[in-house]
$ cat upload.csv   # CSV, C-alpha atoms and all ligand atoms
chain,number,residue,atom,x,y,z
A,1021,MET,CA,125.1,111.0,106.5
A,1022,THR,CA,124.2,114.0,104.4
A,1023,LEU,CA,123.6,113.6,100.6
A,1024,SER,CA,126.8,115.6,100.1
A,1025,GLN,CA,128.8,113.1,102.2
A,1026,ILE,CA,127.2,110.2,100.3
A,1027,ALA,CA,128.2,111.8,97.0
A,1028,LYS,CA,131.8,112.0,98.3
A,1029,PHE,CA,131.6,108.4,99.6
A,1030,ILE,CA,130.5,107.1,96.3
A,1031,LEU,CA,133.1,109.0,94.4
A,1032,GLU,CA,135.8,107.6,96.7
A,1033,SER,CA,134.7,104.0,96.1
A,1034,LYS,CA,136.6,101.8,93.7
A,1035,LYS,CA,133.9,99.5,92.3
A,1036,ILE,CA,130.3,100.4,92.5
A,1037,GLY,CA,127.3,98.1,92.0
A,1038,ILE,CA,123.9,99.8,91.4
A,1039,THR,CA,120.5,98.2,91.8
A,1040,TYR,CA,116.8,98.8,92.5
A,1041,HIS,CA,113.6,97.0,93.5
A,1042,VAL,CA,112.3,93.8,91.9
A,1043,SER,CA,109.9,94.3,88.9
A,1044,PRO,CA,111.6,97.7,88.4
A,1045,ASP,CA,109.3,100.5,87.2
A,1046,GLY,CA,110.3,103.7,85.4
A,1047,ASP,CA,111.5,105.4,88.6
A,1048,ALA,CA,113.7,102.5,89.6
A,1049,VAL,CA,115.2,102.1,86.1
A,1050,GLY,CA,115.5,105.8,85.4
A,1051,SER,CA,117.2,106.5,88.7
A,1052,VAL,CA,119.7,103.5,88.3
A,1053,LEU,CA,120.5,104.4,84.7
A,1054,ALA,CA,120.9,108.1,85.6
A,1055,LEU,CA,123.5,107.3,88.3
A,1056,PHE,CA,125.1,104.6,86.1
A,1057,ASN,CA,125.5,107.0,83.1
A,1058,ALA,CA,126.7,109.8,85.4
A,1059,LEU,CA,129.3,107.7,87.1
A,1060,LYS,CA,130.5,106.4,83.8
A,1061,SER,CA,130.9,110.0,82.6
A,1062,LEU,CA,133.1,110.5,85.6
A,1063,ASN,CA,135.2,107.4,84.6
A,1064,LYS,CA,134.1,105.5,87.7
A,1065,ASP,CA,134.1,101.7,87.7
A,1066,CYS,CA,130.4,100.8,88.0
A,1067,TYR,CA,127.9,98.3,86.9
A,1068,ILE,CA,124.2,97.4,87.3
A,1069,ILE,CA,123.0,94.4,89.4
A,1070,SER,CA,119.6,93.1,88.4
A,1071,LYS,CA,117.7,89.9,88.7
A,1072,ASP,CA,115.1,91.4,86.4
A,1073,THR,CA,115.1,92.2,82.8
A,1074,LEU,CA,113.5,95.4,81.5
A,1075,SER,CA,110.1,95.9,80.1
A,1076,GLU,CA,110.1,96.9,76.4
A,1077,ASN,CA,108.9,100.5,77.0
A,1078,LEU,CA,112.0,101.3,79.1
A,1079,LYS,CA,114.6,100.2,76.5
A,1080,PHE,CA,114.9,103.6,75.0
A,1081,LEU,CA,117.0,104.7,78.0
A,1082,LYS,CA,120.7,105.0,77.6
A,1083,GLY,CA,122.5,102.1,79.3
A,1084,SER,CA,119.3,99.9,79.3
A,1085,ASP,CA,121.3,97.2,77.3
A,1086,GLU,CA,123.4,96.7,80.5
A,1087,ILE,CA,120.4,95.2,82.2
A,1088,THR,CA,120.3,91.6,81.1
A,1089,GLY,CA,119.1,89.9,84.3
A,1090,GLU,CA,122.4,88.0,84.4
A,1091,ILE,CA,124.4,89.9,87.0
A,1092,THR,CA,122.4,89.1,90.2
A,1093,GLU,CA,125.0,89.7,92.9
A,1094,PRO,CA,127.9,92.0,93.5
A,1095,VAL,CA,131.0,91.0,91.5
A,1096,ASP,CA,134.5,90.6,93.1
A,1097,GLU,CA,136.1,93.7,94.5
A,1098,THR,CA,132.9,95.7,94.7
A,1099,ASP,CA,133.1,97.9,97.8
A,1100,VAL,CA,129.8,99.7,97.5
A,1101,VAL,CA,126.3,98.8,96.4
A,1102,VAL,CA,123.9,101.6,95.9
A,1103,VAL,CA,120.2,100.5,96.1
A,1104,LEU,CA,117.8,103.0,94.6
A,1105,ASP,CA,114.0,103.2,95.0
A,1106,CYS,CA,113.6,100.1,97.2
A,1107,GLY,CA,111.9,100.1,100.6
A,1108,ASN,CA,113.2,96.8,102.0
A,1109,LEU,CA,116.0,94.3,101.6
A,1110,GLU,CA,113.7,91.5,100.5
A,1111,ARG,CA,112.6,93.5,97.5
A,1112,VAL,CA,116.1,94.3,96.3
A,1113,SER,CA,116.7,92.9,92.8
A,1114,ALA,CA,120.1,91.6,93.8
A,1115,ASN,CA,121.4,88.9,96.1
A,1116,LEU,CA,123.3,90.9,98.8
A,1117,LYS,CA,123.4,88.2,101.5
A,1118,GLU,CA,127.1,87.5,101.0
A,1119,PHE,CA,128.1,91.1,100.4
A,1120,THR,CA,130.5,92.5,103.0
A,1121,GLY,CA,131.0,96.0,101.5
A,1122,THR,CA,128.8,99.1,102.2
A,1123,ILE,CA,125.2,99.2,101.2
A,1124,ILE,CA,123.8,102.6,100.5
A,1125,ASN,CA,120.1,102.8,100.5
A,1126,ILE,CA,118.6,105.9,98.7
A,1127,ASP,CA,114.9,106.0,98.5
A,1128,HIS,CA,111.6,108.0,98.8
A,1129,HIS,CA,109.3,105.4,100.3
A,1130,LEU,CA,107.9,106.4,103.7
A,1131,SER,CA,107.8,102.8,104.7
A,1132,ASN,CA,111.6,102.3,104.0
A,1133,ASP,CA,113.2,99.8,106.5
A,1134,LYS,CA,116.6,101.6,106.6
A,1135,TYR,CA,118.3,98.3,105.7
A,1136,GLY,CA,121.5,100.0,104.4
A,1137,ASP,CA,124.8,100.7,106.2
A,1138,ILE,CA,124.1,104.2,105.0
A,1139,ASN,CA,120.4,105.4,104.5
A,1140,TYR,CA,119.1,108.5,102.8
A,1141,ILE,CA,115.3,108.5,102.7
A,1142,ASP,CA,113.4,111.6,101.5
A,1143,SER,CA,109.7,110.8,101.4
A,1144,ASN,CA,109.0,114.3,100.1
A,1145,ALA,CA,110.6,113.4,96.8
A,1146,ALA,CA,108.0,112.5,94.3
A,1147,ALA,CA,110.5,110.1,92.6
A,1148,THR,CA,113.8,108.7,93.8
A,1149,ALA,CA,115.2,110.5,90.7
A,1150,GLU,CA,114.7,113.8,92.5
A,1151,ILE,CA,117.2,112.7,95.1
A,1152,VAL,CA,119.5,111.3,92.4
A,1153,PHE,CA,119.3,114.7,90.6
A,1154,GLU,CA,120.6,116.4,93.8
A,1155,LEU,CA,123.2,113.6,94.3
A,1156,LEU,CA,124.6,114.1,90.8
A,1157,ASN,CA,124.8,117.9,91.3
A,1158,LEU,CA,126.8,117.2,94.5
A,1159,MET,CA,129.1,114.9,92.4
A,1160,GLY,CA,129.8,117.9,90.2
A,1161,ILE,CA,127.7,116.9,87.2
A,1162,SER,CA,126.6,120.1,85.5
A,1163,PHE,CA,123.1,120.5,84.2
A,1164,GLU,CA,123.9,123.9,82.7
A,1165,LYS,CA,125.1,123.0,79.3
A,1166,GLU,CA,123.3,120.9,76.7
A,1167,ASP,CA,125.4,117.9,75.5
A,1168,SER,CA,124.4,114.3,74.6
A,1169,VAL,CA,125.7,112.7,77.8
A,1170,ILE,CA,123.9,115.1,80.1
A,1171,LYS,CA,120.8,114.9,77.9
A,1172,ASP,CA,120.8,111.0,78.3
A,1173,ILE,CA,121.2,111.3,82.0
A,1174,GLY,CA,118.4,113.9,82.1
A,1175,THR,CA,116.1,111.6,80.0
A,1176,CYS,CA,116.5,108.8,82.6
A,1177,MET,CA,115.5,111.1,85.5
A,1178,TYR,CA,112.6,112.7,83.6
A,1179,THR,CA,111.4,109.2,82.9
A,1180,SER,CA,111.5,108.5,86.6
A,1181,ILE,CA,109.5,111.6,87.4
A,1182,VAL,CA,106.9,111.1,84.8
A,1183,THR,CA,106.4,107.5,86.0
A,1184,ASP,CA,106.1,108.2,89.7
A,1185,THR,CA,103.9,111.3,89.4
A,1186,GLY,CA,101.5,109.8,86.9
A,1187,ALA,CA,102.7,112.4,84.4
A,1188,TYR,CA,102.5,115.2,87.0
A,1189,ARG,CA,99.0,114.5,88.2
A,1190,HIS,CA,99.6,112.9,91.6
A,1191,SER,CA,99.7,114.8,94.9
A,1192,ASN,CA,103.4,113.9,95.4
A,1193,VAL,CA,104.3,116.6,92.9
A,1194,THR,CA,106.1,119.6,94.5
A,1195,GLU,CA,107.7,122.8,93.4
A,1196,ARG,CA,111.0,120.9,93.4
A,1197,THR,CA,109.5,118.3,91.0
A,1198,HIS,CA,108.8,121.1,88.5
A,1199,ARG,CA,112.0,122.9,89.1
A,1200,ILE,CA,114.0,119.7,88.3
A,1201,SER,CA,111.8,119.0,85.3
A,1202,ALA,CA,112.4,122.6,84.1
A,1203,VAL,CA,116.2,122.1,84.3
A,1204,LEU,CA,115.9,118.8,82.4
A,1205,LYS,CA,113.7,120.4,79.7
A,1206,LYS,CA,116.3,123.2,79.3
A,1207,ILE,CA,119.1,120.8,78.6
A,1208,GLY,CA,117.1,119.3,75.8
A,1209,VAL,CA,115.2,116.4,77.3
A,1210,ASP,CA,112.3,115.5,74.9
A,1211,ASN,CA,109.2,115.2,77.1
A,1212,THR,CA,106.9,114.2,74.3
A,1213,PHE,CA,109.3,111.4,73.1
A,1214,ILE,CA,109.5,110.1,76.7
A,1215,TYR,CA,105.8,110.2,77.3
A,1216,GLN,CA,105.1,108.4,74.0
A,1217,SER,CA,107.8,105.8,74.6
A,1218,LEU,CA,106.4,105.0,78.0
A,1219,PHE,CA,102.7,105.1,77.5
A,1220,ASP,CA,101.7,105.3,73.8
A,1221,ASN,CA,103.7,102.2,72.9
A,1222,LYS,CA,101.6,99.3,73.8
A,1223,ASP,CA,100.9,96.1,71.9
A,1224,PHE,CA,97.4,95.7,70.6
A,1225,SER,CA,97.1,92.6,72.8
A,1226,ARG,CA,97.8,94.7,75.9
A,1227,ILE,CA,94.9,97.0,75.1
A,1228,LYS,CA,92.6,94.0,74.6
A,1229,LEU,CA,93.8,92.7,78.0
A,1230,ILE,CA,93.1,96.0,79.7
A,1231,GLY,CA,89.6,95.8,78.2
A,1232,LYS,CA,89.1,92.4,79.6
A,1233,ALA,CA,90.2,93.4,83.0
A,1234,LEU,CA,88.0,96.5,83.0
A,1235,SER,CA,85.0,94.6,81.9
A,1236,SER,CA,85.1,92.6,85.1
A,1237,MET,CA,85.6,95.6,87.3
A,1238,GLN,CA,83.1,96.0,90.2
A,1239,LEU,CA,82.1,99.1,92.2
A,1240,ILE,CA,81.5,98.3,95.8
A,1241,LEU,CA,81.2,100.0,99.2
A,1242,ASN,CA,78.8,102.6,98.0
A,1243,GLY,CA,80.7,103.2,94.8
A,1244,LYS,CA,83.8,104.4,96.7
A,1245,VAL,CA,85.9,101.3,95.9
A,1246,ALA,CA,86.7,99.9,92.4
A,1247,LEU,CA,87.7,96.3,92.6
A,1248,LEU,CA,89.6,94.4,89.9
A,1249,GLU,CA,90.3,90.7,90.3
A,1250,ILE,CA,92.8,88.9,88.1
A,1251,ASP,CA,92.9,85.2,88.6
A,1252,LYS,CA,95.5,82.7,87.4
A,1253,ASN,CA,93.5,81.8,84.3
A,1254,PHE,CA,92.9,85.4,83.3
A,1255,THR,CA,95.4,85.6,80.4
A,1256,ALA,CA,95.3,82.0,79.4
A,1257,ASP,CA,93.3,82.6,76.3
A,1258,LEU,CA,95.2,85.7,75.3
A,1259,GLY,CA,98.5,83.8,75.5
A,1260,ILE,CA,100.4,86.6,77.3
A,1261,ASP,CA,101.4,87.4,80.8
A,1262,ILE,CA,99.7,90.3,82.5
A,1263,GLY,CA,103.0,91.7,83.9
A,1264,ASP,CA,102.9,95.2,85.4
A,1265,THR,CA,99.3,96.2,86.2
A,1266,SER,CA,99.9,99.9,87.1
A,1267,ASP,CA,98.2,101.0,83.8
A,1268,ILE,CA,95.1,98.9,84.6
A,1269,ILE,CA,94.6,100.0,88.2
A,1270,SER,CA,94.8,103.7,87.3
A,1271,TYR,CA,91.5,103.4,85.4
A,1272,GLY,CA,89.6,102.8,88.7
A,1273,LEU,CA,90.4,106.3,90.0
A,1274,GLN,CA,89.0,107.8,86.8
A,1275,ILE,CA,85.5,106.8,88.0
A,1276,LYS,CA,83.4,109.6,89.6
A,1277,GLY,CA,83.1,109.0,93.3
A,1278,VAL,CA,85.7,106.3,93.6
A,1279,GLU,CA,88.3,106.9,96.3
A,1280,VAL,CA,90.2,103.6,96.3
A,1281,THR,CA,91.0,101.1,93.6
A,1282,LEU,CA,92.0,97.6,94.7
A,1283,LEU,CA,93.6,95.2,92.2
A,1284,LEU,CA,94.0,91.6,93.3
A,1285,LYS,CA,96.2,89.3,91.3
A,1286,GLU,CA,96.5,85.6,91.9
A,1287,VAL,CA,100.1,84.4,91.9
A,1288,GLU,CA,101.8,81.0,92.4
A,1289,ASP,CA,102.1,81.2,96.2
A,1290,GLY,CA,99.3,83.6,97.1
A,1291,VAL,CA,97.9,87.0,96.1
A,1292,LYS,CA,99.4,90.3,95.1
A,1293,ALA,CA,97.4,93.4,95.8
A,1294,SER,CA,97.8,96.9,94.5
A,1295,LEU,CA,96.1,99.9,96.0
A,1296,ARG,CA,95.6,103.4,94.8
A,1297,ALA,CA,93.7,106.2,96.5
A,1298,LYS,CA,92.4,109.4,95.0
A,1299,SER,CA,92.4,112.0,97.7
A,1300,TYR,CA,92.2,111.1,101.4
A,1301,VAL,CA,92.7,107.4,102.1
A,1302,ASP,CA,96.2,106.4,103.3
A,1303,VAL,CA,96.7,103.1,101.4
A,1304,ARG,CA,100.2,102.7,102.7
A,1305,LYS,CA,98.7,102.3,106.2
A,1306,ILE,CA,96.4,99.6,104.8
A,1307,ALA,CA,99.3,97.8,103.1
A,1308,GLU,CA,101.3,97.8,106.3
A,1309,VAL,CA,98.6,95.9,108.1
A,1310,PHE,CA,99.5,93.0,105.7
A,1311,GLY,CA,103.3,93.5,105.7
A,1312,GLY,CA,103.2,95.6,102.5
A,1313,GLY,CA,104.2,99.2,101.9
A,1314,GLY,CA,104.6,102.1,99.5
A,1315,HIS,CA,103.3,105.6,99.4
A,1316,ILE,CA,100.2,107.3,100.9
A,1317,ARG,CA,98.2,107.1,97.7
A,1318,ALA,CA,99.9,104.1,96.1
A,1319,SER,CA,100.9,100.9,97.8
A,1320,GLY,CA,101.3,97.2,97.4
A,1321,ILE,CA,100.9,93.9,99.3
A,1322,LYS,CA,102.1,90.4,98.8
A,1323,ILE,CA,100.1,87.8,100.9
A,1324,LYS,CA,101.4,84.3,100.9
A,1325,ASN,CA,99.2,81.2,101.4
A,1326,MET,CA,95.9,83.0,101.1
A,1327,SER,CA,93.1,82.6,98.6
A,1328,MET,CA,91.8,85.5,96.5
A,1329,GLU,CA,88.5,85.4,98.4
A,1330,GLU,CA,90.2,85.6,101.8
A,1331,ALA,CA,92.6,88.3,100.7
A,1332,LYS,CA,89.7,90.3,99.2
A,1333,TYR,CA,87.7,90.0,102.4
A,1334,GLU,CA,90.6,91.0,104.7
A,1335,ILE,CA,91.8,93.9,102.6
A,1336,LEU,CA,88.3,95.3,101.9
A,1337,ASN,CA,87.7,95.2,105.6
A,1338,GLU,CA,90.7,97.5,106.2
A,1339,ILE,CA,89.7,99.8,103.4
A,1340,GLN,CA,86.2,100.1,104.8
A,1341,LYS,CA,87.7,101.4,108.1
A,1342,GLU,CA,89.4,104.2,106.3
A,1343,LEU,CA,86.5,105.4,104.0
B,1,MN,MN,109.7,105.4,93.1
$ encode --input "upload.csv" --output "structure tokens" --more "lines below"
Ligand SMILES: [Mn+2]
Amino acid sequence: MTLSQIAKFILESKKIGITYHVSPDGDAVGSVLALFNALKSLNKDCYIISKDTLSENLKFLKGSDEITGEITEPVDETDVVVVLDCGNLERVSANLKEFTGTIINIDHHLSNDKYGDINYIDSNAAATAEIVFELLNLMGISFEKEDSVIKDIGTCMYTSIVTDTGAYRHSNVTERTHRISAVLKKIGVDNTFIYQSLFDNKDFSRIKLIGKALSSMQLILNGKVALLEIDKNFTADLGIDIGDTSDIISYGLQIKGVEVTLLLKEVEDGVKASLRAKSYVDVRKIAEVFGGGGHIRASGIKIKNMSMEEAKYEILNEIQKEL
């Protein structure tokens, strides 16, 4: 189905659930809230499904108070569920097992499983919000005039783009990314406010935690790999959960000569690994060896029933092959 047909299909639906991937990041949340606010402005019956609650730094987005973590499956009479920014069914932040309506899967992950009844995957999009921007245009939402509704929708999408491009520094940025950003800037979206809300808004304890993580960082494989290991006891003395680690892992790539950063986090039933590459290693390929996925320069893995030591050995072995 073309995006234009998908736009029409959504507009012809009666009750629309919208969801994203578990542990939603700025792209997931921004994309979902952009679509939610847009459909509301068109007087459509829609709502957000989310097993997750939101991190504090995303609560400035319009509609974020709708995300309570309490609606975890489609409500009665829902005919369509739109899943945004999620590569596979296991990672959807909604229980869709009993759902008999239509699942629309809109995403930009190259490793997307095409689990929807309708799938629209554009891996050239730096953020899922780039696809949502086109979808909303096709729904007749105008980004010409500056009003508060359209500015709120734009703020959601700009947040998505800033998040997934590392504030425009990653190689996924295209001419389209800047063109959409320019349109959003023109309708009054406040880029400084968004950046500061997202990144310059941390608790002091978070900075201390980053410091602790960085002080244990190691450089290995001839200085090409930065390794961060976070075991279960890591935050015990700080009394806080480590949560999302994307801010921590990005430090590894700031080091001269480093190509890959590997962050290992010990969890209840195994190990979570995050990988980032600077310029040539395909970390999505490495993640797929272990059943994970993501993007070429940013990917993730969840390995069950494996110790940190084993996971480290296995993943570093794969990284070494690509260096
Ligand atoms: Mn994304």
$ residues_near_ligand --input "upload.csv" --ligand "ligand MN 1 (chain B)" --cutoff "7 Å" --atoms "only C-alpha atoms and all ligand atoms" --output "number ranges by chain"
A: 1047-1048, 1105, 1128, 1147-1148, 1184
$ residues_near_point --input "upload.csv" --point "(78.5, 103.7, 95.9)" --cutoff "12 Å" --atoms "all atoms listed in the file" --output "number ranges by chain"
A: 1238-1246, 1275-1280, 1343
$ closest_residue --input "upload.csv" --among "A:Tyr1215, A:Phe1153, A:Phe1119, A:Tyr1135" --to "A:Val1052" --atoms "all atoms listed in the file"
A:Phe1153
$ atom_distance --input "upload.csv" --atom1 "atom CA of A:Met1159" --atom2 "atom CA of A:Val1049"
19.9 Å
$ closest_residue --input "upload.csv" --among "A:Ala1202, A:Tyr1178, A:Tyr1188, A:Asn1157" --to "A:Ser1024" --atoms "all atoms listed in the file"
A:Asn1157
$ atom_distance --input "upload.csv" --atom1 "atom CA of A:Asp1257" --atom2 "atom CA of A:Lys1222"
18.8 Å
$ residues_near_point --input "upload.csv" --point "(101.8, 86.5, 89.6)" --cutoff "9 Å" --atoms "all atoms listed in the file" --output "PyMOL selection string"
chain A and resi 1252+1261-1263+1285-1292
$ closest_residue --input "upload.csv" --among "A:Ser1033, A:Leu1283, A:His1129, A:Tyr1140" --to "A:Lys1332" --atoms "only C-alpha atoms"
A:Leu1283
$ closest_residue --input "upload.csv" --among "A:Ile1306, A:Leu1204, A:Ala1318, A:Ala1114" --to "A:Thr1179" --atoms "all atoms listed in the file"
A:Leu1204
$ closest_residue --input "upload.csv" --among "A:Ser1061, A:Leu1284, A:Leu1031, A:Leu1218" --to "A:Glu1329" --atoms "all atoms listed in the file"
A:Leu1284
$ residues_around --input "upload.csv" --residues "A:Val1112" --least-positions-apart "2" --cutoff "6 Å" --atoms "only C-alpha atoms" --output "compact mmCIF listing (two decimals) with C-alpha atoms, keeping the file's coordinate frame"
# COMPACT_ATOMS: atom_id res chain seq x y z
CA TYR A 1040 116.80 98.80 92.50
CA HIS A 1041 113.60 97.00 93.50
CA VAL A 1042 112.30 93.80 91.90
CA LEU A 1109 116.00 94.30 101.60
CA GLU A 1110 113.70 91.50 100.50
CA ALA A 1114 120.10 91.60 93.80
$ residues_around --input "upload.csv" --residues "A:Asp1267" --least-positions-apart "3" --cutoff "9 Å" --atoms "only C-alpha atoms" --output "tab-separated table (two decimals) with C-alpha atoms, in the frame of the given file"
chain	number	residue	atom	x	y	z
A	1219	PHE	CA	102.70	105.10	77.50
A	1230	ILE	CA	93.10	96.00	79.70
A	1264	ASP	CA	102.90	95.20	85.40
A	1270	SER	CA	94.80	103.70	87.30
A	1271	TYR	CA	91.50	103.40	85.40
$ residues_around --input "upload.csv" --residues "stretch 1068-1082 of chain A" --least-positions-apart "4" --cutoff "9 Å" --atoms "all atoms listed in the file" --output "PyMOL selection string"
chain A and resi 1036-1046+1049-1050+1052-1054+1056-1057+1086-1095+1101+1112-1115+1172-1173+1175-1176+1179+1214+1217-1219+1221-1222+1264
$ atom_distance --input "upload.csv" --atom1 "atom CA of A:Ile1141" --atom2 "atom CA of A:Asp1127"
4.9 Å
$ closest_residue --input "upload.csv" --among "A:Leu1158, A:Leu1229, A:Ala1027, A:Ala1146" --to "A:Arg1317" --atoms "only C-alpha atoms"
A:Ala1146
$ decode --input "upload.csv" --residues "stretch 1214-1225 of chain A" --atoms "N, CA, C and O atoms" --output "short mmCIF file (atom, residue, chain, number, x, y, z; two decimals), in the first residue's frame"
data_model
loop_
_atom_site.label_atom_id
_atom_site.label_comp_id
_atom_site.auth_asym_id
_atom_site.auth_seq_id
_atom_site.Cartn_x
_atom_site.Cartn_y
_atom_site.Cartn_z
N ILE A 1214 13.19 22.76 22.55
CA ILE A 1214 13.14 21.30 22.41
C ILE A 1214 14.47 20.67 22.81
O ILE A 1214 14.51 19.72 23.60
N TYR A 1215 15.56 21.22 22.31
CA TYR A 1215 16.88 20.66 22.63
C TYR A 1215 17.11 20.70 24.15
O TYR A 1215 17.54 19.72 24.76
N GLN A 1216 16.81 21.85 24.75
CA GLN A 1216 17.05 21.99 26.19
C GLN A 1216 16.13 21.09 27.01
O GLN A 1216 16.55 20.52 28.02
N SER A 1217 14.87 20.94 26.57
CA SER A 1217 13.95 20.05 27.28
C SER A 1217 14.45 18.61 27.23
O SER A 1217 14.37 17.87 28.21
N LEU A 1218 14.97 18.22 26.08
CA LEU A 1218 15.43 16.84 25.90
C LEU A 1218 16.74 16.56 26.62
O LEU A 1218 16.88 15.55 27.30
N PHE A 1219 17.70 17.46 26.46
CA PHE A 1219 19.07 17.12 26.86
C PHE A 1219 19.65 17.94 28.02
O PHE A 1219 20.49 17.45 28.76
N ASP A 1220 19.23 19.20 28.14
CA ASP A 1220 19.80 20.03 29.21
C ASP A 1220 18.83 20.08 30.38
O ASP A 1220 18.47 21.15 30.88
N ASN A 1221 18.41 18.90 30.80
CA ASN A 1221 17.29 18.83 31.73
C ASN A 1221 17.47 17.65 32.67
O ASN A 1221 16.52 17.02 33.09
N LYS A 1222 18.74 17.34 32.97
CA LYS A 1222 19.00 16.13 33.75
C LYS A 1222 19.11 16.43 35.24
O LYS A 1222 19.55 17.51 35.63
N ASP A 1223 18.73 15.43 36.02
CA ASP A 1223 18.96 15.53 37.46
C ASP A 1223 20.47 15.43 37.71
O ASP A 1223 21.18 14.76 36.96
N PHE A 1224 20.91 16.08 38.78
CA PHE A 1224 22.33 16.02 39.14
C PHE A 1224 22.77 14.56 39.32
O PHE A 1224 23.86 14.17 38.89
N SER A 1225 21.87 13.74 39.89
CA SER A 1225 22.21 12.33 40.14
C SER A 1225 22.52 11.59 38.82
O SER A 1225 23.34 10.68 38.80
#
